[in-house]
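Novice: Quick one: the structure is below, questions incoming.
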Amino acid sequence: MVQLRPRASRAPASAEAMVDEGQPASEEEEAEHGLLLGQPSSGAAAEPLEEDEEGDDEFDDEAPEELTFASAQAEAREEERRVRETVRRDKTLLKEKRKRREELFIEQKKRKLLPDTILEKLTTASQTNIKKSPGKAKEVNLQKKNEDCEKGNDSKKVKVQKVQSVSQNKSYLAVRLKDQDLRDSRQQAAQAFIHNSLYGPGTNRTTVNKFLSLANKRLPVKRAAVQFLNNAWGIQKKQNAKRFKRRWMVRKMKTKK
Amino acid sequence: MGEFKVHRVRFFNYVPSGIRCVAYNNQSNRLAVSRTDGTVEIYNLSANYFQEKFFPGHESRATEALCWAEGQRLFSAGLNGEIMEYDLQALNIKYAMDAFGGPIWSMAASPSGSQLLVGCEDGSVKLFQITPDKIQFERNFDRQKSSAVHKMIVDRQYMGASKRKCIVWGVAFLSDGTVISVDSAGKVQFWDSATGTLVKSHLIANADVQSIAVADQEDSFVVGTAEGTVFHFQLVPVTSNSNEKQWVRTKPFQHHTHDVRTVAHSPTALISGGTDTHLVIRPLMEKVEVKNYDAALRKITFPHRCLISCSKKRQLLLFQFAHHLELWRLGSTVATGKNGDTLPLSKNADHLLHLKTKGPENIICSCISPCGSWIAYSTVSRFFLYRLNYEHDNISLKRVSKMPAFLRCALQILFSEDSTKLFVASNQGALHIVQLSGGSFKHLHAFQPQSGTVEAMCLLAVSPDGHWLAASGTSAGVHVYDVKQLKLHCTVPAYNFPVTAMAIAPNTNNLVIAHSDQQVFEYSIPDKQYTDWSRTVQKQGFHHLWLQRDTPITHISFHPKRPMHILLHDAYMFCIIDKSLPLPNDKTLLYNPFPPTNESDVVRRRTAHAFKISKIYKPLLFMDLLDERTLVAVERPLDDIIAQLPPPIKKKKFGT
């Protein structure tokens, strides 16, 4: 017959379940464990714990401790409360962190944009489109794209923009961007398309050096490539060597004297 | 002839820009060539293929299409969305009209020449009416209705399902309803426009076929590939006596090393140009009536005007690039040697100055004064004048500000020999004389154009004593002005070929003019008539090999101590004409290098003639006499230009 180990009683099983939740072992729990395994005792009186848990085998013939349901329940409730508290604390901490972050982002964005007062002024100025005299120290008239006039034609639809610079004792200018930017970007996109289709990936291009060296390779007496040396190789090394040589020469001169 | 020490200069890093579009005008036999930096050049094909006009480039211009319309009007359209008309008289841009459709990819003129069609990025084709002053927007076609367009449209269609999208680079629409397309897969395809089906497909290259041009009679067309090959297609009958015709690829030409981005078909020749910057004109043998030297291949590589000026006193060279100027001092040597030796330099050539121009425009012309203290250059909108100071080995530059308005756009700038006067030929036709003194200048006089017509390139020449100023450029001939009395002195009779170079000899004040058909005239300014030597030459005629040279004479200079010598050069030779020796007739050997010394004196005397030609230094961009015993020769080997071009297509050759 197999000798079975004495089983623990039912009531303290709930306490054990609480223990198994993975809470950090505290003195009470260990004491409970000791209570479970060791001598039966009453209430919350904490008996000195048995360090050796393996004393929990056939050698220990004592009956399990008696634990009232109430105390165990109280313990369980305590545990639950503690867990809830920690979770709540964590949530609030996270919330605060997120809040702080968002505020930081808003501030940065605000810093990027112009202050509200300037924006207001700009919108009103563009509506009225007033031309102020240059004598005023605060506002200055600008004509964008002066180089258009240099094209030498006056009948072209010159995109002249009379822009106001809003400055309160400061010297910065606000310029309104028109479709010159759009035109530039389209032109660049078109040029990039052509360049890509001619020289981009998938085209069968070779370097000029290889192209010119083809003839050299097929001569009866084969010759080297047109640009055989790569002078850009090891520039740093060559510079270091030159410096070292200079210093060594100086040292040699000194020791000679 | 004398012994000279020659400064052989190869540090002029001249790289021309690639050719992007060509347009041929049948009525005037002129060719307009547009380059990638925005320069537009006009070549006169009947004047020995001479570049007679050019419009300087601009950085923001990316020309994609060029075409002639009625009345000799030239239009160009580019990726900046603008259509520009060029004023061929005043050599500037009349106006630029925005087509409001985004980047313009193609342009064509109607056969009558009164309407202009542009194909824009947004898919629309816009029709413009050409009025005497400007162009006017008329209609807007949607993408579907583009069948109303005849001649050529370039599309940006994506067709085919290969690894890389196939781009159609060129489309030609014939009057019988055939549409020919060339694409980046190397195919030339014939489509039937009525049914919309593919009729025939020719695979002619491994790389893109980038350009197509159809002849006026529509019986032949030419295509250019990215490998540099140009193919000629002709409509030939199927059998010798049948009416049915078909398109056959007849001739391949390999004259380019890089992509051929543009081709044109004139009635007698095929014209091609591309990234390797050569302009190749290949006359077709079956179309040429007289089979003489005119039917040979012409390859235009080097510029037809002088980009280098020289200060003889300080041995300085000023190089003109598109956006900057470079000033170099020549090296010096103390060694001596015999004929043909290379002497070692005791002092290397020095790069003194790198002067960048402000703004996106190209430099039109530049000059350095003979004493080396003034540099002047001009763009389309501004004129710059700088004063140089030399202290020991350092050089300092100071700009003269506040240029007057009339000096805005100069076609040619020249300093007088004593560097006190500046002569500026403006593009309005006026010739200005400005007095320079110390650090300031004062406008002395302006010679206005005679009858109000100004055309062609303007060349200036001033006599070394500062008395006479010669200016070419009007159709009335070369005008000679008296600088001291500020009036017109005389006019050399007009000649039907443009002037390529001019110079006035010291002491004798003979004006030597070289024309594009290789004729050289000598005109005596004090006597107001051609010199006797010039009349003799004209009566006898030049040697046939002299007249068959390809490249024009770009610079003439004289020896200070030998009035009988004229030094002139073109791209592949330089020649000293000795007026005291007899002239060669067609039977003598034109190019006879120094005969070996063991030949008898009699033989040497018999073969000696006035034209001493040397082909040692080539290709020559500039050659001048610095002093009595020194020459400077600026060479530009073709390999150095090719080494700086964009990458070509890979060609697989067996054994490599």
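Just remember, in the structure tokens the first chain shown is A, the second B, etc., residues are 1-based per chain, and ligands are 1-based in the order shown.
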Could the residues of chain B within 10 Å of chain A, counting only C-alpha atoms, be given as a PyMOL selection string, please?

Specialist: chain B and resi 58+60-62+78-81+92-98+100+102-105+121+134+163-167+184+206-208+210+226+257-259+359-361+380-382+639+642-656

Novice: If we count only C-alpha atoms, what is near B:Gly340 at a cut-off of 12 Å, once residues fewer than 6 positions away on the same chain are taken out, given as an MDAnalysis selection string?

Specialist: chainID B and resid 3:6 616

Novice: Can you list, as a list in words, all residues belonging to stretch 54-281 of chain B that DSSP tags as helix (DSSP H, G or I)?

Specialist: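 Assigned to helix (DSSP H, G or I), within stretch 54-281 of chain B: Arg143, Gln144, Lys145, Ser146, Ser147 and Ala148 of chain B.
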
Novice: Skip stretch 620-635 of chain B itself and residues of its chain fewer than 2 positions away, then list as a list in words all residues within 6 Å of it, counting only C-alpha atoms.

Specialist: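 Result of the neighbour search: Phe4, Lys5, Val6, His7, Arg8, Val9, Arg10, Lys312, Ala571 and Lys618 of chain B.
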